[in-house]
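Containing mmCIF, C-alpha atoms and all ligand atoms: entry.cif.
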```cif
data_protein
loop_
_atom_site.group_PDB
_atom_site.id
_atom_site.type_symbol
_atom_site.label_atom_id
_atom_site.label_comp_id
_atom_site.auth_asym_id
_atom_site.auth_seq_id
_atom_site.Cartn_x
_atom_site.Cartn_y
_atom_site.Cartn_z
ATOM 1 C CA MET A 1 3.396 -13.148 10.011
ATOM 2 C CA ILE A 2 0.559 -11.322 8.265
ATOM 3 C CA PHE A 3 1.820 -8.458 6.100
ATOM 4 C CA ASP A 4 -0.465 -5.626 4.943
ATOM 5 C CA ALA A 5 1.218 -3.719 2.110
ATOM 6 C CA HIS A 6 -0.958 -0.633 2.474
ATOM 7 C CA GLY A 7 -2.046 1.228 5.605
ATOM 8 C CA ASP A 8 -2.782 4.952 6.020
ATOM 9 C CA ILE A 9 -1.756 5.020 9.668
ATOM 10 C CA TRP A 10 0.490 8.090 9.386
ATOM 11 C CA THR A 11 -2.468 10.010 7.953
ATOM 12 C CA ASP A 12 -4.525 9.168 11.021
ATOM 13 C CA VAL A 13 -1.570 9.932 13.310
ATOM 14 C CA THR A 14 -1.164 13.365 11.705
ATOM 15 C CA GLN A 15 -4.870 14.226 11.682
ATOM 16 C CA LYS A 16 -5.419 13.164 15.288
ATOM 17 C CA ARG A 17 -2.215 14.740 16.629
ATOM 18 C CA MET A 18 -3.177 18.031 15.016
ATOM 19 C CA ASN A 19 -6.459 17.763 16.931
ATOM 20 C CA GLY A 20 -4.507 17.399 20.170
ATOM 21 C CA GLU A 21 -4.611 13.595 20.551
ATOM 22 C CA ARG A 22 -1.454 11.660 21.511
ATOM 23 C CA ASN A 23 -0.410 7.973 21.330
ATOM 24 C CA ILE A 24 -2.711 7.344 18.392
ATOM 25 C CA ILE A 25 -1.409 3.886 17.459
ATOM 26 C CA LYS A 26 -1.786 2.558 21.007
ATOM 27 C CA LYS A 27 -5.170 4.153 21.540
ATOM 28 C CA PHE A 28 -6.839 3.517 18.195
ATOM 29 C CA HIS A 29 -5.002 0.844 16.210
ATOM 30 C CA LEU A 30 -2.878 -1.578 18.238
ATOM 31 C CA ASP A 31 -5.729 -3.728 19.612
ATOM 32 C CA LYS A 32 -7.321 -4.101 16.162
ATOM 33 C CA TYR A 33 -3.983 -5.154 14.628
ATOM 34 C CA LYS A 34 -3.417 -7.667 17.424
ATOM 35 C CA GLU A 35 -6.902 -9.127 17.040
ATOM 36 C CA GLY A 36 -6.344 -9.355 13.280
ATOM 37 C CA LYS A 37 -2.916 -10.969 13.856
ATOM 38 C CA VAL A 38 -1.505 -8.461 11.360
ATOM 39 C CA ASP A 39 1.999 -7.754 12.642
ATOM 40 C CA ALA A 40 3.833 -6.132 9.726
ATOM 41 C CA GLY A 41 3.136 -3.834 6.826
ATOM 42 C CA ILE A 42 3.771 -0.660 4.889
ATOM 43 C CA PHE A 43 2.446 2.559 6.452
ATOM 44 C CA VAL A 44 2.437 5.303 3.844
ATOM 45 C CA ILE A 45 3.083 9.003 3.844
ATOM 46 C CA TRP A 46 0.129 10.159 1.770
ATOM 47 C CA ILE A 47 -0.520 13.797 0.913
ATOM 48 C CA ASP A 48 -4.173 13.716 1.885
ATOM 49 C CA PRO A 49 -6.731 16.064 0.318
ATOM 50 C CA PRO A 50 -7.290 18.982 0.777
ATOM 51 C CA PHE A 51 -3.594 19.383 1.707
ATOM 52 C CA ASP A 52 -2.506 18.151 -1.743
ATOM 53 C CA LYS A 53 -2.569 21.780 -2.902
ATOM 54 C CA ASN A 54 0.562 22.391 -0.863
ATOM 55 C CA PRO A 55 2.355 19.034 -0.837
ATOM 56 C CA LYS A 56 5.747 20.204 0.453
ATOM 57 C CA SER A 57 4.392 21.719 3.635
ATOM 58 C CA ARG A 58 2.042 18.759 4.185
ATOM 59 C CA LEU A 59 4.999 16.379 3.790
ATOM 60 C CA LEU A 60 6.878 18.184 6.561
ATOM 61 C CA GLU A 61 3.778 18.243 8.746
ATOM 62 C CA ILE A 62 3.371 14.454 8.376
ATOM 63 C CA LEU A 63 7.103 13.798 8.935
ATOM 64 C CA ARG A 64 7.047 15.839 12.161
ATOM 65 C CA ASN A 65 3.929 14.191 13.547
ATOM 66 C CA MET A 66 4.847 10.626 12.637
ATOM 67 C CA SER A 67 8.361 11.110 14.039
ATOM 68 C CA VAL A 68 7.067 11.993 17.500
ATOM 69 C CA GLU A 69 4.590 9.103 17.374
ATOM 70 C CA ILE A 70 7.354 6.667 16.338
ATOM 71 C CA ASN A 71 9.674 7.849 19.110
ATOM 72 C CA ASP A 72 6.890 7.644 21.715
ATOM 73 C CA ASN A 73 5.960 4.109 20.622
ATOM 74 C CA ARG A 74 9.327 2.377 20.364
ATOM 75 C CA ASP A 75 8.013 -0.316 22.695
ATOM 76 C CA ILE A 76 5.376 -1.465 20.189
ATOM 77 C CA ILE A 77 6.631 -0.438 16.752
ATOM 78 C CA LYS A 78 9.857 -1.086 14.905
ATOM 79 C CA ILE A 79 10.558 0.889 11.739
ATOM 80 C CA VAL A 80 11.936 -1.698 9.341
ATOM 81 C CA LYS A 81 14.573 -0.671 6.851
ATOM 82 C CA SER A 82 15.700 -4.084 5.681
ATOM 83 C CA PHE A 83 14.456 -7.654 5.347
ATOM 84 C CA LYS A 84 16.140 -8.726 8.560
ATOM 85 C CA ASP A 85 14.440 -5.915 10.494
ATOM 86 C CA PHE A 86 11.143 -7.781 10.045
ATOM 87 C CA LYS A 87 12.653 -10.744 11.873
ATOM 88 C CA ILE A 88 13.965 -8.499 14.638
ATOM 89 C CA ALA A 89 10.533 -6.864 15.002
ATOM 90 C CA LYS A 90 8.951 -10.313 15.317
ATOM 91 C CA GLU A 91 11.496 -11.409 17.943
ATOM 92 C CA GLU A 92 10.877 -8.215 19.907
ATOM 93 C CA ASN A 93 7.112 -8.739 19.584
ATOM 94 C CA LYS A 94 6.708 -5.367 17.848
ATOM 95 C CA PHE A 95 4.780 -4.333 14.781
ATOM 96 C CA GLY A 96 7.234 -4.193 11.846
ATOM 97 C CA ALA A 97 6.372 -1.009 9.935
ATOM 98 C CA MET A 98 8.010 -0.140 6.657
ATOM 99 C CA ILE A 99 7.684 3.541 5.764
ATOM 100 C CA GLY A 100 6.151 4.008 2.320
ATOM 101 C CA LEU A 101 5.503 7.033 0.128
ATOM 102 C CA GLU A 102 2.133 7.175 -1.611
ATOM 103 C CA GLY A 103 2.637 9.726 -4.357
ATOM 104 C CA LEU A 104 5.634 12.030 -4.777
ATOM 105 C CA SER A 105 3.871 15.254 -5.785
ATOM 106 C CA TYR A 106 6.334 17.208 -3.626
ATOM 107 C CA ILE A 107 9.249 16.203 -5.893
ATOM 108 C CA GLU A 108 9.555 18.771 -8.683
ATOM 109 C CA GLU A 109 13.192 18.346 -9.629
ATOM 110 C CA ASP A 110 16.098 15.948 -9.161
ATOM 111 C CA ASP A 111 17.094 17.605 -5.893
ATOM 112 C CA GLY A 112 17.876 14.698 -3.553
ATOM 113 C CA THR A 113 14.447 14.540 -1.906
ATOM 114 C CA ILE A 114 14.121 10.823 -2.622
ATOM 115 C CA ASP A 115 17.519 10.215 -0.969
ATOM 116 C CA ALA A 116 16.490 12.339 2.008
ATOM 117 C CA LEU A 117 13.326 10.284 2.434
ATOM 118 C CA TYR A 118 15.290 7.057 2.016
ATOM 119 C CA ASN A 119 17.609 8.196 4.807
ATOM 120 C CA PHE A 120 14.542 9.050 6.909
ATOM 121 C CA GLY A 121 13.590 5.369 6.539
ATOM 122 C CA ALA A 122 11.339 5.141 3.474
ATOM 123 C CA ARG A 123 11.783 1.939 1.492
ATOM 124 C CA HIS A 124 8.764 2.145 -0.830
ATOM 125 C CA ALA A 125 7.119 4.686 -3.147
ATOM 126 C CA SER A 126 4.483 5.121 -5.795
ATOM 127 C CA LEU A 127 5.174 8.098 -8.056
ATOM 128 C CA THR A 128 1.634 9.442 -8.007
ATOM 129 C CA TRP A 129 -1.521 9.112 -5.959
ATOM 130 C CA ASN A 130 -4.347 9.768 -8.404
ATOM 131 C CA GLU A 131 -2.942 13.017 -9.734
ATOM 132 C CA GLU A 132 -0.806 14.090 -12.646
ATOM 133 C CA ASN A 133 2.497 15.416 -11.295
ATOM 134 C CA LYS A 134 6.076 16.175 -12.393
ATOM 135 C CA LEU A 135 6.993 12.465 -12.347
ATOM 136 C CA ALA A 136 4.052 10.483 -13.675
ATOM 137 C CA THR A 137 0.320 10.391 -14.248
ATOM 138 C CA GLY A 138 -2.245 8.870 -11.911
ATOM 139 C CA VAL A 139 -5.599 7.337 -12.825
ATOM 140 C CA LYS A 140 -7.289 10.750 -12.676
ATOM 141 C CA GLY A 141 -4.760 12.437 -14.987
ATOM 142 C CA ASN A 142 -4.519 12.761 -18.769
ATOM 143 C CA GLN A 143 -4.698 9.233 -20.162
ATOM 144 C CA ASP A 144 -2.235 10.025 -22.972
ATOM 145 C CA ARG A 145 0.417 11.169 -20.493
ATOM 146 C CA GLY A 146 2.617 8.635 -18.671
ATOM 147 C CA LEU A 147 5.990 8.690 -16.943
ATOM 148 C CA THR A 148 8.124 11.856 -17.415
ATOM 149 C CA ASP A 149 11.912 12.084 -17.818
ATOM 150 C CA LEU A 150 12.148 13.150 -14.191
ATOM 151 C CA GLY A 151 9.971 10.171 -13.242
ATOM 152 C CA LYS A 152 12.447 7.890 -15.006
ATOM 153 C CA VAL A 153 15.331 9.402 -13.030
ATOM 154 C CA ILE A 154 13.449 8.802 -9.765
ATOM 155 C CA ILE A 155 12.612 5.169 -10.640
ATOM 156 C CA LYS A 156 16.273 4.493 -11.457
ATOM 157 C CA ARG A 157 17.343 6.139 -8.211
ATOM 158 C CA MET A 158 14.826 4.099 -6.207
ATOM 159 C CA GLU A 159 16.123 0.892 -7.764
ATOM 160 C CA LYS A 160 19.691 1.887 -6.952
ATOM 161 C CA LEU A 161 18.830 2.736 -3.339
ATOM 162 C CA GLY A 162 16.769 -0.438 -2.846
ATOM 163 C CA MET A 163 13.182 0.812 -2.660
ATOM 164 C CA LEU A 164 9.998 -0.973 -3.746
ATOM 165 C CA VAL A 165 8.420 0.610 -6.831
ATOM 166 C CA ASP A 166 4.620 0.657 -6.552
ATOM 167 C CA VAL A 167 2.319 1.031 -9.584
ATOM 168 C CA SER A 168 -1.045 1.193 -7.767
ATOM 169 C CA HIS A 169 -2.625 4.564 -8.705
ATOM 170 C CA ALA A 170 -0.590 4.889 -11.936
ATOM 171 C CA ASN A 171 -2.661 5.304 -15.098
ATOM 172 C CA GLN A 172 -2.308 2.760 -17.918
ATOM 173 C CA LYS A 173 0.420 4.661 -19.751
ATOM 174 C CA SER A 174 2.484 5.294 -16.616
ATOM 175 C CA PHE A 175 2.114 1.627 -15.673
ATOM 176 C CA TRP A 176 3.525 0.404 -18.985
ATOM 177 C CA ASP A 177 6.265 3.063 -18.993
ATOM 178 C CA ILE A 178 7.352 1.967 -15.512
ATOM 179 C CA ALA A 179 7.086 -1.740 -16.383
ATOM 180 C CA SER A 180 9.334 -1.330 -19.414
ATOM 181 C CA LEU A 181 11.913 0.671 -17.456
ATOM 182 C CA ALA A 182 12.018 -1.387 -14.262
ATOM 183 C CA THR A 183 14.726 -3.991 -13.774
ATOM 184 C CA ASN A 184 13.507 -5.061 -10.311
ATOM 185 C CA PRO A 185 10.106 -6.642 -9.611
ATOM 186 C CA ILE A 186 7.345 -4.018 -9.269
ATOM 187 C CA ILE A 187 4.358 -4.148 -6.948
ATOM 188 C CA ALA A 188 0.762 -2.979 -7.114
ATOM 189 C CA SER A 189 0.447 -2.696 -3.353
ATOM 190 C CA HIS A 190 -3.311 -2.115 -3.184
ATOM 191 C CA SER A 191 -5.242 -2.881 -6.390
ATOM 192 C CA ASN A 192 -7.744 -5.553 -7.460
ATOM 193 C CA CYS A 193 -8.810 -7.130 -10.774
ATOM 194 C CA LYS A 194 -10.606 -5.125 -13.438
ATOM 195 C CA LYS A 195 -12.259 -8.282 -14.831
ATOM 196 C CA LEU A 196 -14.189 -8.664 -11.555
ATOM 197 C CA CYS A 197 -14.739 -4.970 -10.881
ATOM 198 C CA ASP A 198 -14.277 -2.439 -13.648
ATOM 199 C CA HIS A 199 -12.659 0.464 -11.795
ATOM 200 C CA PRO A 200 -9.703 2.581 -13.015
ATOM 201 C CA ARG A 201 -7.771 1.627 -9.855
ATOM 202 C CA ASN A 202 -8.013 -2.081 -10.675
ATOM 203 C CA LEU A 203 -5.648 -4.015 -12.962
ATOM 204 C CA THR A 204 -6.317 -5.465 -16.398
ATOM 205 C CA ASP A 205 -5.358 -9.076 -17.108
ATOM 206 C CA GLU A 206 -2.385 -7.818 -19.141
ATOM 207 C CA GLN A 207 -1.150 -5.741 -16.199
ATOM 208 C CA ILE A 208 -1.504 -8.686 -13.806
ATOM 209 C CA LYS A 209 0.484 -10.892 -16.174
ATOM 210 C CA GLU A 210 3.155 -8.211 -16.617
ATOM 211 C CA ILE A 211 3.593 -7.890 -12.836
ATOM 212 C CA LYS A 212 4.002 -11.666 -12.717
ATOM 213 C CA ASN A 213 6.553 -11.570 -15.562
ATOM 214 C CA LEU A 214 8.570 -8.996 -13.657
ATOM 215 C CA GLY A 215 8.449 -11.144 -10.519
ATOM 216 C CA GLY A 216 6.226 -8.701 -8.639
ATOM 217 C CA ILE A 217 3.245 -8.887 -6.273
ATOM 218 C CA ILE A 218 -0.317 -7.578 -6.202
ATOM 219 C CA GLY A 219 -1.751 -6.675 -2.799
ATOM 220 C CA ILE A 220 -5.504 -7.278 -2.641
ATOM 221 C CA ASN A 221 -7.434 -4.208 -1.516
ATOM 222 C CA ALA A 222 -10.400 -4.129 0.910
ATOM 223 C CA PHE A 223 -11.679 -0.765 -0.333
ATOM 224 C CA PRO A 224 -15.394 -1.294 -1.150
ATOM 225 C CA ASP A 225 -15.405 0.477 -4.561
ATOM 226 C CA PHE A 226 -12.715 -1.923 -5.858
ATOM 227 C CA ILE A 227 -14.475 -5.196 -4.895
ATOM 228 C CA HIS A 228 -17.686 -5.163 -6.914
ATOM 229 C CA LYS A 229 -19.760 -2.709 -8.941
ATOM 230 C CA ASP A 230 -22.871 -3.887 -7.084
ATOM 231 C CA LYS A 231 -22.900 -2.421 -3.575
ATOM 232 C CA GLU A 232 -24.697 -5.514 -2.253
ATOM 233 C CA LYS A 233 -21.818 -7.704 -3.348
ATOM 234 C CA ARG A 234 -19.022 -5.800 -1.624
ATOM 235 C CA ASN A 235 -18.276 -8.531 0.891
ATOM 236 C CA ILE A 236 -15.366 -10.635 2.131
ATOM 237 C CA GLU A 237 -16.268 -13.593 -0.119
ATOM 238 C CA ASN A 238 -16.047 -11.443 -3.233
ATOM 239 C CA LEU A 239 -12.772 -9.971 -2.027
ATOM 240 C CA ALA A 240 -11.466 -13.539 -1.801
ATOM 241 C CA SER A 241 -12.577 -14.015 -5.431
ATOM 242 C CA HIS A 242 -10.012 -11.384 -6.481
ATOM 243 C CA ILE A 243 -7.330 -13.541 -4.848
ATOM 244 C CA ASP A 244 -8.602 -16.617 -6.739
ATOM 245 C CA TYR A 245 -8.560 -14.663 -9.983
ATOM 246 C CA ILE A 246 -4.943 -13.530 -9.606
ATOM 247 C CA VAL A 247 -3.851 -17.013 -8.583
ATOM 248 C CA GLY A 248 -5.609 -18.389 -11.677
ATOM 249 C CA LEU A 249 -3.946 -15.886 -13.972
ATOM 250 C CA ALA A 250 -0.502 -15.432 -12.422
ATOM 251 C CA GLY A 251 -0.028 -18.210 -9.887
ATOM 252 C CA ILE A 252 0.241 -18.319 -6.110
ATOM 253 C CA GLU A 253 3.599 -16.501 -6.009
ATOM 254 C CA HIS A 254 2.252 -13.094 -7.025
ATOM 255 C CA VAL A 255 -0.522 -12.192 -4.615
ATOM 256 C CA GLY A 256 -0.618 -10.749 -1.115
ATOM 257 C CA PHE A 257 -2.592 -8.257 0.978
ATOM 258 C CA GLY A 258 -2.706 -4.461 0.669
ATOM 259 C CA PHE A 259 -5.918 -3.846 2.555
ATOM 260 C CA ASP A 260 -6.083 -0.054 2.556
ATOM 261 C CA PHE A 261 -8.476 -0.019 5.530
ATOM 262 C CA CYS A 262 -10.094 3.384 5.801
ATOM 263 C CA ASP A 263 -12.468 2.809 8.733
ATOM 264 C CA PHE A 264 -10.512 5.327 10.823
ATOM 265 C CA LEU A 265 -10.265 8.139 8.260
ATOM 266 C CA THR A 266 -12.570 11.143 8.514
ATOM 267 C CA GLY A 267 -15.439 11.809 6.140
ATOM 268 C CA ASP A 268 -13.767 14.918 4.665
ATOM 269 C CA THR A 269 -10.721 12.998 3.458
ATOM 270 C CA MET A 270 -12.761 10.025 2.276
ATOM 271 C CA ALA A 271 -15.304 12.125 0.399
ATOM 272 C CA SER A 272 -12.562 13.237 -2.002
ATOM 273 C CA PHE A 273 -12.234 9.755 -3.548
ATOM 274 C CA ALA A 274 -14.791 7.280 -2.152
ATOM 275 C CA GLU A 275 -18.293 6.710 -3.558
ATOM 276 C CA ASP A 276 -19.631 6.414 -0.008
ATOM 277 C CA SER A 277 -17.277 7.477 2.777
ATOM 278 C CA GLU A 278 -19.102 5.453 5.456
ATOM 279 C CA GLU A 279 -19.079 2.175 3.546
ATOM 280 C CA THR A 280 -16.937 -0.841 4.538
ATOM 281 C CA VAL A 281 -16.651 -4.363 3.100
ATOM 282 C CA LYS A 282 -19.113 -6.755 4.763
ATOM 283 C CA GLY A 283 -17.149 -9.255 6.828
ATOM 284 C CA LEU A 284 -13.880 -7.342 6.495
ATOM 285 C CA GLU A 285 -14.754 -3.973 8.022
ATOM 286 C CA ASN A 286 -11.349 -3.343 9.593
ATOM 287 C CA VAL A 287 -8.008 -5.003 10.287
ATOM 288 C CA SER A 288 -9.336 -7.038 13.231
ATOM 289 C CA LYS A 289 -11.352 -9.207 10.773
ATOM 290 C CA VAL A 290 -8.382 -10.503 8.755
ATOM 291 C CA PRO A 291 -8.433 -14.001 10.375
ATOM 292 C CA LYS A 292 -11.875 -14.476 8.815
ATOM 293 C CA LEU A 293 -10.345 -13.998 5.361
ATOM 294 C CA ILE A 294 -7.624 -16.517 6.190
ATOM 295 C CA SER A 295 -10.260 -19.100 7.152
ATOM 296 C CA ILE A 296 -12.187 -18.431 3.915
ATOM 297 C CA LEU A 297 -8.991 -19.138 1.947
ATOM 298 C CA SER A 298 -8.527 -22.332 3.883
ATOM 299 C CA GLN A 299 -12.156 -23.383 3.205
ATOM 300 C CA LYS A 300 -11.578 -22.720 -0.486
ATOM 301 C CA GLY A 301 -8.846 -25.340 -0.403
ATOM 302 C CA TYR A 302 -5.669 -23.272 -0.311
ATOM 303 C CA SER A 303 -2.950 -25.265 1.448
ATOM 304 C CA GLU A 304 -1.208 -23.945 4.524
ATOM 305 C CA LYS A 305 1.915 -23.378 2.435
ATOM 306 C CA ASP A 306 -0.036 -21.330 -0.122
ATOM 307 C CA ILE A 307 -1.753 -19.276 2.571
ATOM 308 C CA GLU A 308 1.649 -18.556 4.085
ATOM 309 C CA LYS A 309 2.758 -17.104 0.741
ATOM 310 C CA ILE A 310 -0.338 -14.897 0.498
ATOM 311 C CA LYS A 311 -0.086 -13.773 4.135
ATOM 312 C CA SER A 312 3.500 -12.577 3.896
ATOM 313 C CA GLY A 313 5.801 -15.000 2.077
ATOM 314 C CA ASN A 314 5.458 -13.408 -1.347
ATOM 315 C CA PHE A 315 6.070 -9.850 -0.159
ATOM 316 C CA MET A 316 8.975 -11.031 2.029
ATOM 317 C CA ARG A 317 10.534 -12.728 -1.000
ATOM 318 C CA ILE A 318 10.779 -9.496 -2.977
ATOM 319 C CA ILE A 319 11.641 -7.344 0.042
ATOM 320 C CA LYS A 320 14.586 -9.677 0.638
ATOM 321 C CA GLU A 321 15.566 -9.268 -2.994
ATOM 322 C CA ILE A 322 15.080 -5.497 -3.347
ATOM 323 C CA VAL A 323 15.392 -3.866 0.061
ATOM 324 C CA SER A 324 17.815 -6.466 1.472
HETATM 325 ZN ZN ZN B 1 -4.049 4.448 -2.316
#
```
Let me see the file written as structure tokens.
Ligand SMILES: [Zn+2]
Amino acid sequence: MIFDAHGDIWTDVTQKRMNGERNIIKKFHLDKYKEGKVDAGIFVIWIDPPFDKNPKSRLLEILRNMSVEINDNRDIIKIVKSFKDFKIAKEENKFGAMIGLEGLSYIEEDDGTIDALYNFGARHASLTWNEENKLATGVKGNQDRGLTDLGKVIIKRMEKLGMLVDVSHANQKSFWDIASLATNPIIASHSNCKKLCDHPRNLTDEQIKEIKNLGGIIGINAFPDFIHKDKEKRNIENLASHIDYIVGLAGIEHVGFGFDFCDFLTGDTMASFAEDSEETVKGLENVSKVPKLISILSQKGYSEKDIEKIKSGNFMRIIKEIVS
């Protein structure tokens, strides 16, 4: 199994369905996933700009569109709600998709929304995308502001329900607030190392070590801006260096993939956060290229057992523990 902890597939499903397209996963994504041998992952509900001004209505719009797509594609996709669902998906030769929530800007009070989304199937959430909201503060918010009291209530509720808590996109203060509150392992589903690429979305050495101490996982991101400051060096080899760095600092048990491929997103959405919305990582342009990364790891001397952990074993370990 190859597990990708971050995919914006529901965003593409919603955008394309609203333009009149149908069967988006089959038409635009399935072949690339099969070629890449990526057969499981987290697909997130992300309140994409410019719709972030009205997050509640965008949430409903995404839920409606993804629901129809899921029901129309039961032959190829299984929505996984527990560890054993991944095994069932594999046996049925379907993609095992966990529903994730990237940012909870639509939650403004302790009103049961997180339970409603859990019952809809969500098993993962980050409290913010980049923004400052009622729960926490993202990397683009006030750096002196962290997790709020309501944010604490939501984290506790997520732990009780059995949801993965994701700190990618949290600012420094929110990260440390969440880390000190959490009793389960936390994940940074799609972030790289600040030492190798100084970007606010990447993790400091202290953060990487803290995630390790809590038993969590970091998913390495294939978003060009997070690989290297120098545009010429945004390639698959330098992405693999981020894996080496985490292994060196935290060990083999705490790294996985959270590719965040954006090759299918439109320029308007991308322009709101990417330096160059057309750019992709050389050698790892989309999900079909993942086997190339696996062979680079093997050439670097990672054993088959270690590669298995990076591919899916590490994420499966904590999903078994938390989502069960
Ligand atoms: Zn993201």
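Counting all atoms listed in the file and comparing A:Gln172, A:Asn235, A:Asn314, A:Thr266, the residue that lies closest to Val281 in chain A is A:Asn235.
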Step by step, measure atom-to-atom distances between ligand ZN 1 (chain B) and each residue using all atoms listed in the file, keep those at most 12 Å, then write them as an mmCIF file with C-alpha atoms, keeping the file's coordinate frame.
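Contents of pocket_20.cif, as written:
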```
data_model
loop_
_atom_site.group_PDB
_atom_site.id
_atom_site.type_symbol
_atom_site.label_atom_id
_atom_site.label_comp_id
_atom_site.auth_asym_id
_atom_site.auth_seq_id
_atom_site.Cartn_x
_atom_site.Cartn_y
_atom_site.Cartn_z
ATOM 1 C CA ALA A 5 1.218 -3.719 2.110
ATOM 2 C CA HIS A 6 -0.958 -0.633 2.474
ATOM 3 C CA GLY A 7 -2.046 1.228 5.605
ATOM 4 C CA ASP A 8 -2.782 4.952 6.020
ATOM 5 C CA THR A 11 -2.468 10.010 7.953
ATOM 6 C CA ILE A 42 3.771 -0.660 4.889
ATOM 7 C CA PHE A 43 2.446 2.559 6.452
ATOM 8 C CA VAL A 44 2.437 5.303 3.844
ATOM 9 C CA ILE A 45 3.083 9.003 3.844
ATOM 10 C CA TRP A 46 0.129 10.159 1.770
ATOM 11 C CA ILE A 47 -0.520 13.797 0.913
ATOM 12 C CA ASP A 48 -4.173 13.716 1.885
ATOM 13 C CA GLY A 100 6.151 4.008 2.320
ATOM 14 C CA LEU A 101 5.503 7.033 0.128
ATOM 15 C CA GLU A 102 2.133 7.175 -1.611
ATOM 16 C CA GLY A 103 2.637 9.726 -4.357
ATOM 17 C CA ALA A 125 7.119 4.686 -3.147
ATOM 18 C CA SER A 126 4.483 5.121 -5.795
ATOM 19 C CA LEU A 127 5.174 8.098 -8.056
ATOM 20 C CA THR A 128 1.634 9.442 -8.007
ATOM 21 C CA TRP A 129 -1.521 9.112 -5.959
ATOM 22 C CA ASN A 130 -4.347 9.768 -8.404
ATOM 23 C CA GLU A 131 -2.942 13.017 -9.734
ATOM 24 C CA GLY A 138 -2.245 8.870 -11.911
ATOM 25 C CA VAL A 139 -5.599 7.337 -12.825
ATOM 26 C CA ASP A 166 4.620 0.657 -6.552
ATOM 27 C CA VAL A 167 2.319 1.031 -9.584
ATOM 28 C CA SER A 168 -1.045 1.193 -7.767
ATOM 29 C CA HIS A 169 -2.625 4.564 -8.705
ATOM 30 C CA ALA A 170 -0.590 4.889 -11.936
ATOM 31 C CA ALA A 188 0.762 -2.979 -7.114
ATOM 32 C CA SER A 189 0.447 -2.696 -3.353
ATOM 33 C CA HIS A 190 -3.311 -2.115 -3.184
ATOM 34 C CA SER A 191 -5.242 -2.881 -6.390
ATOM 35 C CA ASN A 192 -7.744 -5.553 -7.460
ATOM 36 C CA ARG A 201 -7.771 1.627 -9.855
ATOM 37 C CA ASN A 202 -8.013 -2.081 -10.675
ATOM 38 C CA GLY A 219 -1.751 -6.675 -2.799
ATOM 39 C CA ILE A 220 -5.504 -7.278 -2.641
ATOM 40 C CA ASN A 221 -7.434 -4.208 -1.516
ATOM 41 C CA ALA A 222 -10.400 -4.129 0.910
ATOM 42 C CA PHE A 223 -11.679 -0.765 -0.333
ATOM 43 C CA PHE A 226 -12.715 -1.923 -5.858
ATOM 44 C CA GLY A 258 -2.706 -4.461 0.669
ATOM 45 C CA PHE A 259 -5.918 -3.846 2.555
ATOM 46 C CA ASP A 260 -6.083 -0.054 2.556
ATOM 47 C CA PHE A 261 -8.476 -0.019 5.530
ATOM 48 C CA CYS A 262 -10.094 3.384 5.801
ATOM 49 C CA MET A 270 -12.761 10.025 2.276
ATOM 50 C CA PHE A 273 -12.234 9.755 -3.548
ATOM 51 C CA ALA A 274 -14.791 7.280 -2.152
#
```
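Minimum atom-to-atom distance to Gln15 in chain A, evaluated using only C-alpha atoms, belongs to A:Pro49 out of A:Pro49, A:Gly146, A:Gly41, A:Gly36.
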**OP:** Work out how far apart CA of Tyr106 in chain A and CA of Ala122 in chain A are and give it in Å to one decimal.
**Re:** 14.9 Å
Subject >> Expansion of the PyMOL selection byres (((chain A and resi 276) around 12) and not hetatm) into residues, as a count of residues only >> reply: 20
Enclose range 114-125 of chain A, meaning all of its atoms listed in the file, in a box aligned along x, y and z, pad it by 3 Å on each side, and list the centre and edge lengths in Å to one decimal, as lines of an AutoDock Vina configuration file.
```
center_x = 12.4
center_y = 7.1
center_z = 1.9
size_x = 16.5
size_y = 16.4
size_z = 16.1
```
Subject >> Test item: the PyMOL selection byres (((chain A and resi 37) around 10) and not hetatm) resolved as a list of chain:residue names >> reply: A:Met1, A:Ile2, A:Phe3, A:Asp31, A:Lys32, A:Tyr33, A:Lys34, A:Glu35, A:Gly36, A:Val38, A:Asp39, A:Ala40, A:Val287, A:Ser288, A:Lys289, A:Val290, A:Pro291
Expected file contents, prior selection, C-alpha atoms, as a short mmCIF file (atom, residue, chain, number, x, y, z; two decimals), keeping the file's coordinate frame:
```cif
data_model
loop_
_atom_site.label_atom_id
_atom_site.label_comp_id
_atom_site.auth_asym_id
_atom_site.auth_seq_id
_atom_site.Cartn_x
_atom_site.Cartn_y
_atom_site.Cartn_z
CA MET A 1 3.40 -13.15 10.01
CA ILE A 2 0.56 -11.32 8.26
CA PHE A 3 1.82 -8.46 6.10
CA ASP A 31 -5.73 -3.73 19.61
CA LYS A 32 -7.32 -4.10 16.16
CA TYR A 33 -3.98 -5.15 14.63
CA LYS A 34 -3.42 -7.67 17.42
CA GLU A 35 -6.90 -9.13 17.04
CA GLY A 36 -6.34 -9.36 13.28
CA VAL A 38 -1.50 -8.46 11.36
CA ASP A 39 2.00 -7.75 12.64
CA ALA A 40 3.83 -6.13 9.73
CA VAL A 287 -8.01 -5.00 10.29
CA SER A 288 -9.34 -7.04 13.23
CA LYS A 289 -11.35 -9.21 10.77
CA VAL A 290 -8.38 -10.50 8.76
CA PRO A 291 -8.43 -14.00 10.38
#
```
**OP:** Please write the residues picked by the PyMOL selection byres (((chain A and resi 148) around 7) and not hetatm) on this file as a list in words.
**Re:** Lys134, Leu135, Ala136, Gly146, Leu147, Asp149, Leu150, Gly151 and Lys152 of chain A
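Atom pair CA of Ile178 in chain A / CA of Ile155 in chain A has a distance of 7.9 Å (rounded to one decimal).
In this structure, CA of Phe315 in chain A sits 25.3 Å away from CA of Thr137 in chain A.
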**OP:** Select, from A:Asn133, A:Gln207, A:Ser82, A:Asn65, the residue with the minimum atom-to-atom distance to Asp52 in chain A, counting only C-alpha atoms.
**Re:** A:Asn133
